[in-house]
file final_3.json (JSON, C-alpha atoms)
[["chain", "number", "residue", "atom", "x", "y", "z"],
["A", 8, "MET", "CA", -4.68, 37.63, 32.60],
["A", 9, "PHE", "CA", -4.66, 37.82, 28.80],
["A", 10, "GLU", "CA", -3.01, 41.24, 28.92],
["A", 11, "LEU", "CA", -0.22, 39.57, 30.92],
["A", 12, "TYR", "CA", 0.18, 37.05, 28.10],
["A", 13, "LEU", "CA", 0.65, 39.88, 25.58],
["A", 14, "THR", "CA", 3.39, 41.34, 27.78],
["A", 15, "TYR", "CA", 5.30, 38.06, 27.76],
["A", 16, "GLU", "CA", 4.32, 36.72, 24.32],
["A", 17, "TYR", "CA", 7.88, 36.85, 23.00],
["A", 18, "HIS", "CA", 9.25, 34.95, 26.00],
["A", 19, "VAL", "CA", 6.54, 32.29, 25.70],
["A", 20, "ALA", "CA", 7.29, 31.85, 21.97],
["A", 21, "ALA", "CA", 11.03, 31.65, 22.66],
["A", 22, "THR", "CA", 10.52, 29.02, 25.37],
["A", 23, "GLN", "CA", 8.24, 27.02, 23.09],
["A", 24, "LEU", "CA", 10.84, 27.01, 20.30],
["A", 25, "VAL", "CA", 13.73, 26.10, 22.61],
["A", 26, "LEU", "CA", 11.84, 23.12, 24.04],
["A", 27, "ALA", "CA", 10.83, 21.95, 20.56],
["A", 28, "MET", "CA", 14.38, 22.15, 19.21],
["A", 29, "LEU", "CA", 15.85, 20.37, 22.24],
["A", 30, "GLY", "CA", 13.46, 17.51, 21.55],
["A", 31, "ILE", "CA", 14.15, 17.52, 17.82],
["A", 32, "GLY", "CA", 17.90, 17.56, 18.44],
["A", 33, "ALA", "CA", 17.65, 14.58, 20.77],
["A", 34, "SER", "CA", 15.77, 12.74, 18.01],
["A", 35, "LEU", "CA", 18.51, 13.34, 15.41],
["A", 36, "ARG", "CA", 21.90, 11.74, 14.98],
["A", 37, "ARG", "CA", 25.02, 13.20, 13.46],
["A", 38, "ALA", "CA", 24.75, 10.79, 10.53],
["A", 39, "ASP", "CA", 21.36, 12.29, 9.63],
["A", 40, "VAL", "CA", 23.05, 15.44, 8.31],
["A", 41, "THR", "CA", 25.62, 13.56, 6.22],
["A", 42, "ARG", "CA", 23.11, 11.31, 4.45],
["A", 43, "VAL", "CA", 22.75, 13.93, 1.70],
["A", 44, "TYR", "CA", 25.73, 12.43, -0.10],
["A", 45, "ARG", "CA", 23.71, 9.29, -0.81],
["A", 46, "PHE", "CA", 21.22, 11.12, -3.06],
["A", 47, "PRO", "CA", 22.67, 14.45, -4.29],
["A", 48, "LYS", "CA", 20.13, 14.93, -7.10],
["A", 49, "ALA", "CA", 17.05, 14.43, -4.95],
["A", 50, "PHE", "CA", 18.61, 16.52, -2.20],
["A", 51, "GLY", "CA", 19.34, 19.36, -4.62],
["A", 52, "VAL", "CA", 15.78, 19.30, -5.95],
["A", 53, "GLY", "CA", 14.40, 19.35, -2.41],
["A", 54, "ILE", "CA", 16.54, 22.34, -1.43],
["A", 55, "ALA", "CA", 15.58, 24.23, -4.60],
["A", 56, "MET", "CA", 11.90, 23.58, -3.91],
["A", 57, "GLN", "CA", 12.13, 25.01, -0.42],
["A", 58, "VAL", "CA", 14.39, 27.99, -1.15],
["A", 59, "VAL", "CA", 12.93, 29.09, -4.50],
["A", 60, "MET", "CA", 9.61, 27.46, -5.38],
["A", 61, "VAL", "CA", 7.80, 27.81, -2.05],
["A", 62, "PRO", "CA", 8.57, 31.54, -1.57],
["A", 63, "VAL", "CA", 7.58, 32.32, -5.17],
["A", 64, "MET", "CA", 4.28, 30.50, -4.67],
["A", 65, "ALA", "CA", 3.73, 32.39, -1.41],
["A", 66, "VAL", "CA", 4.18, 35.75, -3.10],
["A", 67, "ALA", "CA", 1.93, 34.77, -6.04],
["A", 68, "VAL", "CA", -0.91, 33.47, -3.85],
["A", 69, "GLY", "CA", -0.55, 36.35, -1.39],
["A", 70, "THR", "CA", -0.70, 38.92, -4.18],
["A", 71, "LEU", "CA", -3.63, 37.34, -6.00],
["A", 72, "LEU", "CA", -5.79, 35.87, -3.23],
["A", 73, "ALA", "CA", -4.88, 37.10, 0.25],
["A", 74, "PRO", "CA", -7.76, 39.24, 1.62],
["A", 75, "HIS", "CA", -5.43, 41.05, 4.05],
["A", 76, "THR", "CA", -1.83, 42.26, 3.85],
["A", 77, "GLY", "CA", -1.05, 40.39, 7.05],
["A", 78, "ILE", "CA", -2.03, 37.07, 5.50],
["A", 79, "ALA", "CA", 0.25, 37.81, 2.53],
["A", 80, "VAL", "CA", 3.09, 38.50, 4.99],
["A", 81, "GLY", "CA", 2.17, 35.35, 6.91],
["A", 82, "LEU", "CA", 2.42, 33.26, 3.74],
["A", 83, "VAL", "CA", 5.90, 34.61, 3.05],
["A", 84, "LEU", "CA", 6.91, 33.94, 6.65],
["A", 85, "VAL", "CA", 5.64, 30.35, 6.33],
["A", 86, "ALA", "CA", 7.61, 29.97, 3.09],
["A", 87, "ALA", "CA", 10.80, 31.26, 4.71],
["A", 88, "LEU", "CA", 10.68, 28.64, 7.47],
["A", 89, "PRO", "CA", 12.60, 25.36, 7.30],
["A", 90, "GLY", "CA", 10.76, 22.05, 7.28],
["A", 91, "GLY", "CA", 9.24, 20.77, 10.50],
["A", 92, "VAL", "CA", 10.38, 17.53, 12.11],
["A", 93, "MET", "CA", 6.87, 16.02, 11.86],
["A", 94, "SER", "CA", 7.62, 15.59, 8.15],
["A", 95, "ASN", "CA", 10.08, 12.82, 9.06],
["A", 96, "LEU", "CA", 7.38, 10.88, 10.90],
["A", 97, "LEU", "CA", 4.91, 11.21, 8.03],
["A", 98, "VAL", "CA", 7.52, 10.20, 5.45],
["A", 99, "TYR", "CA", 8.30, 7.13, 7.55],
["A", 100, "LEU", "CA", 4.60, 6.23, 7.81],
["A", 101, "ALA", "CA", 4.17, 6.79, 4.06],
["A", 102, "ARG", "CA", 7.08, 4.41, 3.35],
["A", 103, "ALA", "CA", 8.83, 7.12, 1.33],
["A", 104, "SER", "CA", 12.52, 8.18, 1.47],
["A", 105, "LEU", "CA", 13.09, 8.73, 5.19],
["A", 106, "ALA", "CA", 16.82, 9.38, 4.86],
["A", 107, "LEU", "CA", 16.18, 12.12, 2.29],
["A", 108, "SER", "CA", 13.52, 13.71, 4.49],
["A", 109, "VAL", "CA", 15.77, 13.74, 7.56],
["A", 110, "ALA", "CA", 18.67, 15.16, 5.56],
["A", 111, "LEU", "CA", 16.49, 17.96, 4.16],
["A", 112, "THR", "CA", 15.04, 18.81, 7.59],
["A", 113, "ALA", "CA", 18.45, 18.90, 9.27],
["A", 114, "THR", "CA", 20.17, 20.85, 6.48],
["A", 115, "MET", "CA", 17.40, 23.44, 6.07],
["A", 116, "THR", "CA", 17.18, 23.89, 9.84],
["A", 117, "ILE", "CA", 20.90, 24.68, 10.00],
["A", 118, "GLY", "CA", 20.82, 26.71, 6.79],
["A", 119, "CYS", "CA", 17.83, 28.83, 7.87],
["A", 120, "LEU", "CA", 20.25, 31.00, 9.84],
["A", 121, "VAL", "CA", 21.06, 32.48, 6.42],
["A", 122, "THR", "CA", 18.07, 31.64, 4.23],
["A", 123, "THR", "CA", 15.21, 32.82, 6.48],
["A", 124, "PRO", "CA", 16.38, 36.45, 6.96],
["A", 125, "LEU", "CA", 17.30, 36.60, 3.26],
["A", 126, "LEU", "CA", 13.94, 35.27, 2.06],
["A", 127, "LEU", "CA", 12.02, 37.60, 4.37],
["A", 128, "ARG", "CA", 14.00, 40.59, 3.16],
["A", 129, "VAL", "CA", 13.56, 39.70, -0.52],
["A", 130, "PHE", "CA", 9.94, 38.53, -0.55],
["A", 131, "ALA", "CA", 8.22, 40.24, 2.38],
["A", 132, "GLY", "CA", 9.65, 43.73, 2.08],
["A", 133, "THR", "CA", 6.98, 45.03, -0.30],
["A", 134, "HIS", "CA", 4.18, 44.05, 2.10],
["A", 135, "MET", "CA", 5.61, 45.74, 5.19],
["A", 136, "PRO", "CA", 4.40, 49.10, 6.53],
["A", 137, "PRO", "CA", 6.23, 52.25, 5.32],
["A", 138, "GLY", "CA", 9.45, 52.78, 7.23],
["A", 139, "PHE", "CA", 9.72, 49.16, 8.35],
["A", 140, "VAL", "CA", 13.28, 47.82, 8.28],
["A", 141, "MET", "CA", 13.79, 44.06, 8.20],
["A", 142, "PRO", "CA", 16.02, 43.24, 11.22],
["A", 143, "ALA", "CA", 17.99, 40.51, 9.46],
["A", 144, "GLY", "CA", 20.78, 40.57, 12.02],
["A", 145, "ARG", "CA", 18.41, 40.19, 14.95],
["A", 146, "ILE", "CA", 16.48, 37.41, 13.22],
["A", 147, "ALA", "CA", 19.72, 35.50, 12.58],
["A", 148, "PHE", "CA", 20.81, 36.01, 16.21],
["A", 149, "GLU", "CA", 17.48, 34.77, 17.58],
["A", 150, "MET", "CA", 17.59, 31.68, 15.37],
["A", 151, "LEU", "CA", 21.13, 30.97, 16.54],
["A", 152, "VAL", "CA", 20.21, 31.31, 20.23],
["A", 153, "PHE", "CA", 16.74, 29.80, 20.26],
["A", 154, "LEU", "CA", 16.92, 27.28, 17.41],
["A", 155, "LEU", "CA", 20.41, 26.11, 16.48],
["A", 156, "ILE", "CA", 22.02, 26.08, 19.94],
["A", 157, "PRO", "CA", 19.12, 24.09, 21.50],
["A", 158, "LEU", "CA", 19.26, 21.77, 18.48],
["A", 159, "ALA", "CA", 22.98, 21.18, 19.09],
["A", 160, "ILE", "CA", 22.37, 20.65, 22.81],
["A", 161, "GLY", "CA", 19.67, 18.09, 22.03],
["A", 162, "MET", "CA", 22.02, 16.25, 19.66],
["A", 163, "ALA", "CA", 24.73, 16.32, 22.34],
["A", 164, "VAL", "CA", 22.29, 14.76, 24.82],
["A", 165, "ALA", "CA", 21.50, 12.04, 22.27],
["A", 166, "MET", "CA", 25.20, 11.23, 21.81],
["A", 167, "THR", "CA", 26.26, 11.36, 25.46],
["A", 168, "GLN", "CA", 23.10, 9.95, 27.05],
["A", 169, "PRO", "CA", 21.76, 7.40, 24.55],
["A", 170, "ARG", "CA", 19.60, 5.66, 27.15],
["A", 171, "ARG", "CA", 17.89, 8.89, 28.17],
["A", 172, "ARG", "CA", 17.55, 10.53, 24.77],
["A", 173, "GLU", "CA", 14.04, 9.22, 24.08],
["A", 174, "ALA", "CA", 12.68, 10.36, 27.45],
["A", 175, "PHE", "CA", 14.43, 13.73, 27.07],
["A", 176, "ALA", "CA", 12.97, 14.21, 23.58],
["A", 177, "ARG", "CA", 9.52, 13.12, 24.70],
["A", 178, "TRP", "CA", 9.31, 15.50, 27.65],
["A", 179, "THR", "CA", 10.80, 18.54, 25.92],
["A", 180, "ILE", "CA", 8.43, 18.13, 22.97],
["A", 181, "ARG", "CA", 5.51, 17.74, 25.37],
["A", 182, "GLY", "CA", 6.63, 20.94, 27.07],
["A", 183, "SER", "CA", 6.70, 22.71, 23.71],
["A", 184, "LEU", "CA", 3.13, 21.57, 23.05],
["A", 185, "VAL", "CA", 2.05, 22.99, 26.41],
["A", 186, "MET", "CA", 3.63, 26.33, 25.51],
["A", 187, "LEU", "CA", 1.97, 26.21, 22.09],
["A", 188, "SER", "CA", -1.36, 25.78, 23.88],
["A", 189, "VAL", "CA", -0.54, 28.83, 25.98],
["A", 190, "ILE", "CA", 0.10, 30.83, 22.80],
["A", 191, "ILE", "CA", -3.18, 29.77, 21.21],
["A", 192, "VAL", "CA", -5.28, 30.32, 24.34],
["A", 193, "GLY", "CA", -3.51, 33.57, 25.25],
["A", 194, "ALA", "CA", -3.75, 35.06, 21.77],
["A", 195, "SER", "CA", -7.38, 34.00, 21.41],
["A", 196, "GLY", "CA", -8.34, 35.36, 24.83],
["A", 197, "ALA", "CA", -6.63, 38.65, 24.07],
["A", 198, "GLY", "CA", -8.59, 38.95, 20.82],
["A", 199, "ARG", "CA", -5.55, 38.43, 18.59],
["A", 200, "ILE", "CA", -7.03, 35.41, 16.82],
["A", 201, "ASP", "CA", -10.47, 35.68, 15.28],
["A", 202, "PRO", "CA", -11.28, 32.68, 13.04],
["A", 203, "THR", "CA", -13.99, 34.69, 11.26],
["A", 204, "ALA", "CA", -12.03, 37.90, 10.72],
["A", 205, "TYR", "CA", -10.88, 37.11, 7.18],
["A", 206, "GLY", "CA", -13.88, 35.13, 5.96],
["A", 207, "LEU", "CA", -13.65, 32.23, 3.56],
["A", 208, "ALA", "CA", -11.15, 34.17, 1.46],
["A", 209, "GLY", "CA", -8.56, 33.91, 4.21],
["A", 210, "TYR", "CA", -8.86, 30.15, 4.45],
["A", 211, "ALA", "CA", -9.04, 29.83, 0.66],
["A", 212, "ALA", "CA", -5.68, 31.61, 0.24],
["A", 213, "LEU", "CA", -4.04, 29.21, 2.69],
["A", 214, "VAL", "CA", -5.64, 26.13, 1.11],
["A", 215, "VAL", "CA", -4.66, 27.21, -2.42],
["A", 216, "PHE", "CA", -1.10, 27.91, -1.28],
["A", 217, "THR", "CA", -0.85, 24.48, 0.35],
["A", 218, "GLY", "CA", -2.24, 22.69, -2.70],
["A", 219, "ALA", "CA", -0.02, 24.67, -5.06],
["A", 220, "ILE", "CA", 3.27, 23.90, -3.31],
["A", 221, "LEU", "CA", 2.43, 20.21, -2.88],
["A", 222, "ALA", "CA", 1.42, 19.84, -6.54],
["A", 223, "ALA", "CA", 4.51, 21.75, -7.70],
["A", 224, "ALA", "CA", 6.76, 19.56, -5.55],
["A", 225, "LEU", "CA", 5.25, 16.35, -6.93],
["A", 226, "LEU", "CA", 5.28, 17.49, -10.55],
["A", 227, "GLY", "CA", 8.72, 19.07, -10.25],
["A", 228, "GLY", "CA", 10.14, 15.89, -8.79],
["A", 229, "ARG", "CA", 8.64, 13.88, -11.66],
["A", 230, "ALA", "CA", 10.08, 16.31, -14.22],
["A", 231, "ALA", "CA", 13.49, 15.88, -12.57],
["A", 232, "GLY", "CA", 13.23, 12.11, -12.98],
["A", 233, "LEU", "CA", 13.18, 11.32, -9.26],
["A", 234, "ARG", "CA", 11.87, 8.05, -7.86],
["A", 235, "SER", "CA", 8.37, 8.03, -6.40],
["A", 236, "PRO", "CA", 9.55, 7.68, -2.75],
["A", 237, "ASP", "CA", 11.87, 10.67, -3.22],
["A", 238, "ARG", "CA", 9.12, 12.78, -4.82],
["A", 239, "LEU", "CA", 6.73, 12.08, -2.00],
["A", 240, "ALA", "CA", 9.37, 12.77, 0.66],
["A", 241, "ILE", "CA", 10.10, 16.17, -0.90],
["A", 242, "ALA", "CA", 6.38, 17.01, -1.14],
["A", 243, "ILE", "CA", 5.79, 16.22, 2.53],
["A", 244, "GLU", "CA", 8.94, 18.11, 3.49],
["A", 245, "VAL", "CA", 7.69, 21.13, 1.52],
["A", 246, "GLY", "CA", 4.24, 20.98, 3.12],
["A", 247, "ILE", "CA", 5.30, 20.71, 6.77],
["A", 248, "ARG", "CA", 6.95, 23.93, 8.02],
["A", 249, "ASN", "CA", 8.60, 24.75, 11.36],
["A", 250, "ILE", "CA", 5.70, 26.81, 12.74],
["A", 251, "ASN", "CA", 7.48, 26.88, 16.14],
["A", 252, "LEU", "CA", 10.13, 29.13, 14.61],
["A", 253, "GLY", "CA", 7.47, 31.14, 12.81],
["A", 254, "LEU", "CA", 5.75, 31.99, 16.11],
["A", 255, "LEU", "CA", 9.00, 33.31, 17.54],
["A", 256, "LEU", "CA", 9.71, 35.41, 14.46],
["A", 257, "LYS", "CA", 6.18, 36.80, 14.51],
["A", 258, "ALA", "CA", 6.61, 37.81, 18.18],
["A", 259, "SER", "CA", 9.95, 39.40, 17.33],
["A", 260, "LEU", "CA", 8.89, 41.24, 14.16],
["A", 261, "PHE", "CA", 5.47, 42.29, 15.47],
["A", 262, "PRO", "CA", 5.65, 42.40, 19.29],
["A", 263, "ALA", "CA", 2.27, 42.50, 20.99],
["A", 264, "VAL", "CA", 1.53, 45.66, 23.01],
["A", 265, "PRO", "CA", -1.29, 45.43, 25.57],
["A", 266, "GLY", "CA", -4.16, 47.73, 24.63],
["A", 267, "VAL", "CA", -2.76, 48.53, 21.18],
["A", 268, "PRO", "CA", -4.49, 46.77, 18.23],
["A", 269, "ASP", "CA", -2.20, 45.46, 15.49],
["A", 270, "PRO", "CA", -4.26, 44.06, 12.57],
["A", 271, "LEU", "CA", -1.12, 43.20, 10.56],
["A", 272, "ALA", "CA", 0.39, 41.12, 13.37],
["A", 273, "ASP", "CA", -2.93, 39.43, 14.10],
["A", 274, "ALA", "CA", -3.31, 38.37, 10.47],
["A", 275, "VAL", "CA", 0.25, 37.02, 10.42],
["A", 276, "LEU", "CA", -0.48, 34.96, 13.54],
["A", 277, "PHE", "CA", -3.73, 33.70, 11.98],
["A", 278, "ALA", "CA", -1.87, 32.63, 8.83],
["A", 279, "LEU", "CA", 0.83, 30.80, 10.83],
["A", 280, "LEU", "CA", -1.55, 28.85, 13.03],
["A", 281, "MET", "CA", -4.05, 28.06, 10.30],
["A", 282, "TYR", "CA", -1.34, 26.95, 7.88],
["A", 283, "GLY", "CA", 0.07, 24.70, 10.57],
["A", 284, "GLY", "CA", -3.23, 22.82, 10.62],
["A", 285, "ILE", "CA", -3.93, 22.91, 6.87],
["A", 286, "GLY", "CA", -0.41, 21.93, 5.80],
["A", 287, "THR", "CA", -0.22, 19.09, 8.28],
["A", 288, "THR", "CA", -3.64, 17.79, 7.25],
["A", 289, "ALA", "CA", -2.69, 17.83, 3.56],
["A", 290, "ALA", "CA", 0.55, 15.97, 4.27],
["A", 291, "ILE", "CA", -1.34, 13.36, 6.30],
["A", 292, "VAL", "CA", -3.73, 12.85, 3.39],
["A", 293, "LEU", "CA", -0.78, 12.25, 1.04],
["A", 294, "THR", "CA", 0.67, 9.79, 3.55],
["A", 295, "VAL", "CA", -2.55, 7.79, 3.82],
["A", 296, "LEU", "CA", -3.10, 7.76, 0.04],
["A", 297, "HIS", "CA", 0.43, 6.59, -0.62],
["A", 298, "ARG", "CA", 0.20, 3.77, 1.92],
["A", 299, "ARG", "CA", -3.03, 2.59, 0.32],
["A", 300, "GLY", "CA", -1.76, 2.99, -3.21],
["A", 301, "ILE", "CA", -4.60, 5.40, -4.05],
["A", 302, "LEU", "CA", -2.78, 8.45, -5.31],
["A", 303, "VAL", "CA", -4.41, 10.61, -7.90],
["A", 304, "THR", "CA", -2.78, 9.62, -11.18],
["A", 305, "ARG", "CA", 0.63, 8.80, -12.54],
["A", 306, "GLU", "CA", 0.79, 12.31, -13.96],
["A", 307, "TRP", "CA", 1.00, 13.62, -10.38],
["A", 308, "GLY", "CA", 4.15, 11.58, -9.96],
["A", 309, "VAL", "CA", 3.18, 9.70, -6.83],
["A", 310, "ALA", "CA", 1.65, 6.48, -8.07],
["A", 311, "ARG", "CA", 3.60, 3.34, -7.23]]

call {"tool": "encode", "arguments": {"input": "final_3.json", "output": "structure tokens"}}
result
Amino acid sequence: MFELYLTYEYHVAATQLVLAMLGIGASLRRADVTRVYRFPKAFGVGIAMQVVMVPVMAVAVGTLLAPHTGIAVGLVLVAALPGGVMSNLLVYLARASLALSVALTATMTIGCLVTTPLLLRVFAGTHMPPGFVMPAGRIAFEMLVFLLIPLAIGMAVAMTQPRRREAFARWTIRGSLVMLSVIIVGASGAGRIDPTAYGLAGYAALVVFTGAILAAALLGGRAAGLRSPDRLAIAIEVGIRNINLGLLLKASLFPAVPGVPDPLADAVLFALLMYGGIGTTAAIVLTVLHRRGILVTREWGVAR
């Protein structure tokens, strides 16, 4: 059974991403993308954080702390992903700048057709096995087919079927969660995910990376003179990544072969799934602290 999962891992990951993006698209409106013109400075800082700061942090932490090359590659893959749509919900709950968060999510999702292959080529190349060639063209094609086109279809559903958009979004996202469960159970059953394989060092690298990018986003936003709601929105946007896309890219770059161990691919998958939990947890903590007015100090740039 689990060998069958390995045979179809790529197709499962592709289906999971398509369903997720259909739901996300149905949740967005065309105006969400154009809101950037209301806050160009904050938007520019947010883009710079995601395109420059996060990948640099990933390389630094991966080089210094990652106990396995695959985790270093996984960190870079996480950094190359656009923000995840859950960031919008957390920003809303935190009472931060929702319009900025939505604009960043939408713009980075569209822009990742260019930025993700470029960032992977620039930052992950040194960690790849000898002879490995980054398939930038294939990555861009897969993101177009499995990410941007479903996103556009979801937005079209929202515009043409406004009464059904919420139900459509709800059921497609639920379907994506079912497929995500299949990935976790299938990979675990096939021995691809071993929570103890990398020891505390593996978790430490992911926790340090998460803390570093959140702190840098908060401090960088303060240095840029941004308002507290904008700084927090950018920090949450930086912390929540589109792990759905990451799972597809992992399956594409490192396809599972039944009966053939692949320690590099397994470590990348571990980093993706573990970061998904750690990053989301950290963003939730920021959300709760901001709502309660208990954020570390004014020097962190998030106090009210």

call {"tool": "atom_distance", "arguments": {"input": "final_3.json", "atom1": "atom CA of Val58 of chain A", "atom2": "atom CA of Ala21 of chain A"}}
result
24.3 Å

call {"tool": "atom_distance", "arguments": {"input": "final_3.json", "atom1": "atom CA of Thr122 of chain A", "atom2": "atom CA of Gly144 of chain A"}}
result
12.2 Å

call {"tool": "closest_residue", "arguments": {"input": "final_3.json", "among": "A:Val267, A:Leu296, A:Leu111, A:Leu29", "to": "Ile160 of chain A", "atoms": "all atoms listed in the file"}}
result
A:Leu29

call {"tool": "residues_around", "arguments": {"input": "final_3.json", "residues": "Ile243 of chain A", "least_positions_apart": "2", "cutoff": "6 Å", "atoms": "only C-alpha atoms", "output": "compact mmCIF listing (two decimals) with C-alpha atoms, in the coordinates of the input"}}
result
# COMPACT_ATOMS: atom_id res chain seq x y z
CA SER A 94 7.62 15.59 8.15
CA ALA A 240 9.37 12.77 0.66
CA ILE A 241 10.10 16.17 -0.90
CA VAL A 245 7.69 21.13 1.52
CA GLY A 246 4.24 20.98 3.12
CA ALA A 290 0.55 15.97 4.27

call {"tool": "closest_atom_pairs", "arguments": {"input": "final_3.json", "of": "segment 190-247 of chain A", "to": "segment 82-89 of chain A", "cutoff": "9 Å", "atoms": "all atoms listed in the file", "output": "JSON lines"}}
result
{"residue": "A:Ala212", "atom": "CA", "partner": "A:Leu82", "partner_atom": "CA", "distance": 9.0}
{"residue": "A:Leu213", "atom": "CA", "partner": "A:Leu82", "partner_atom": "CA", "distance": 7.7}
{"residue": "A:Phe216", "atom": "CA", "partner": "A:Leu82", "partner_atom": "CA", "distance": 8.1}
{"residue": "A:Glu244", "atom": "CA", "partner": "A:Pro89", "partner_atom": "CA", "distance": 9.0}
{"residue": "A:Val245", "atom": "CA", "partner": "A:Pro89", "partner_atom": "CA", "distance": 8.7}
{"residue": "A:Ile247", "atom": "CA", "partner": "A:Pro89", "partner_atom": "CA", "distance": 8.7}

call {"tool": "write_last_selection", "arguments": {"input": "final_3.json", "atoms": "C-alpha atoms", "output": "mmCIF file, in the coordinates of the input"}}
result
data_model
loop_
_atom_site.group_PDB
_atom_site.id
_atom_site.type_symbol
_atom_site.label_atom_id
_atom_site.label_comp_id
_atom_site.auth_asym_id
_atom_site.auth_seq_id
_atom_site.Cartn_x
_atom_site.Cartn_y
_atom_site.Cartn_z
ATOM 1 C CA ALA A 212 -5.680 31.610 0.240
ATOM 2 C CA LEU A 213 -4.040 29.210 2.690
ATOM 3 C CA PHE A 216 -1.100 27.910 -1.280
ATOM 4 C CA GLU A 244 8.940 18.110 3.490
ATOM 5 C CA VAL A 245 7.690 21.130 1.520
ATOM 6 C CA ILE A 247 5.300 20.710 6.770
#

call {"tool": "closest_residue", "arguments": {"input": "final_3.json", "among": "A:Val275, A:Ala258, A:Arg177, A:Phe130", "to": "Thr70 of chain A", "atoms": "all atoms listed in the file"}}
result
A:Phe130

call {"tool": "closest_residue", "arguments": {"input": "final_3.json", "among": "A:Gly77, A:Gly182, A:Gly266, A:Pro47", "to": "Met28 of chain A", "atoms": "all atoms listed in the file"}}
result
A:Gly182

call {"tool": "residues_around", "arguments": {"input": "final_3.json", "residues": "Phe50 of chain A", "least_positions_apart": "6", "cutoff": "12 Å", "atoms": "all atoms listed in the file", "output": "PyMOL selection string"}}
result
chain A and resi 40-44+56-57+104+106-115+228+231+233+237-238+240-241+244

call {"tool": "closest_residue", "arguments": {"input": "final_3.json", "among": "A:Ala272, A:Leu120, A:Val61, A:Leu71", "to": "Phe153 of chain A", "atoms": "all atoms listed in the file"}}
result
A:Leu120

call {"tool": "atom_distance", "arguments": {"input": "final_3.json", "atom1": "atom CA of Ile191 of chain A", "atom2": "atom CA of Pro74 of chain A"}}
result
22.2 Å

call {"tool": "residues_around", "arguments": {"input": "final_3.json", "residues": "segment 165-171 of chain A", "least_positions_apart": "2", "cutoff": "8 Å", "atoms": "all atoms listed in the file", "output": "NGL selection string"}}
result
:A and (32-36 or 161-163 or 173-175)

call {"tool": "closest_residue", "arguments": {"input": "final_3.json", "among": "A:Gln23, A:Ala211, A:Thr123, A:Phe261", "to": "Leu72 of chain A", "atoms": "only C-alpha atoms"}}
result
A:Ala211

call {"tool": "closest_residue", "arguments": {"input": "final_3.json", "among": "A:Val215, A:Leu239, A:Val164, A:Leu187", "to": "Leu254 of chain A", "atoms": "all atoms listed in the file"}}
result
A:Leu187

call {"tool": "residues_around", "arguments": {"input": "final_3.json", "residues": "Ser183 of chain A", "least_positions_apart": "6", "cutoff": "12 Å", "atoms": "only C-alpha atoms", "output": "PyMOL selection string"}}
result
chain A and resi 19-31+176-177+189-190+250-252

call {"tool": "residues_around", "arguments": {"input": "final_3.json", "residues": "Ala274 of chain A", "least_positions_apart": "5", "cutoff": "12 Å", "atoms": "all atoms listed in the file", "output": "ChimeraX atom specification"}}
result
/A:73-82,84,194,198-206,209-210,257,261,268-269,279-282

call {"tool": "decode", "arguments": {"input": "final_3.json", "residues": "segment 158-187 of chain A", "atoms": "C-alpha atoms", "output": "mmCIF file, in the first residue's frame"}}
result
data_model
loop_
_atom_site.group_PDB
_atom_site.id
_atom_site.type_symbol
_atom_site.label_atom_id
_atom_site.label_comp_id
_atom_site.auth_asym_id
_atom_site.auth_seq_id
_atom_site.Cartn_x
_atom_site.Cartn_y
_atom_site.Cartn_z
ATOM 1 C CA LEU A 158 -5.872 30.282 -8.516
ATOM 2 C CA ALA A 159 -7.329 32.112 -11.526
ATOM 3 C CA ILE A 160 -10.129 29.545 -11.845
ATOM 4 C CA GLY A 161 -10.984 29.975 -8.167
ATOM 5 C CA MET A 162 -11.102 33.768 -8.584
ATOM 6 C CA ALA A 163 -13.308 33.330 -11.655
ATOM 7 C CA VAL A 164 -15.695 31.179 -9.610
ATOM 8 C CA ALA A 165 -15.797 33.897 -6.942
ATOM 9 C CA MET A 166 -16.690 36.562 -9.519
ATOM 10 C CA THR A 167 -19.239 34.574 -11.527
ATOM 11 C CA GLN A 168 -20.794 32.565 -8.683
ATOM 12 C CA PRO A 169 -20.718 34.878 -5.653
ATOM 13 C CA ARG A 170 -23.355 32.878 -3.785
ATOM 14 C CA ARG A 171 -21.439 29.631 -4.162
ATOM 15 C CA ARG A 172 -17.906 30.914 -3.654
ATOM 16 C CA GLU A 173 -17.797 30.222 0.087
ATOM 17 C CA ALA A 174 -19.021 26.634 -0.284
ATOM 18 C CA PHE A 175 -16.643 26.074 -3.212
ATOM 19 C CA ALA A 176 -13.690 27.428 -1.208
ATOM 20 C CA ARG A 177 -14.654 25.428 1.861
ATOM 21 C CA TRP A 178 -14.903 22.082 0.079
ATOM 22 C CA THR A 179 -11.802 22.473 -2.085
ATOM 23 C CA ILE A 180 -9.700 23.443 0.940
ATOM 24 C CA ARG A 181 -11.119 20.491 2.862
ATOM 25 C CA GLY A 182 -10.156 18.269 -0.054
ATOM 26 C CA SER A 183 -6.622 19.680 0.029
ATOM 27 C CA LEU A 184 -6.398 18.845 3.739
ATOM 28 C CA VAL A 185 -7.465 15.269 3.001
ATOM 29 C CA MET A 186 -4.726 14.981 0.379
ATOM 30 C CA LEU A 187 -2.227 16.493 2.817
#
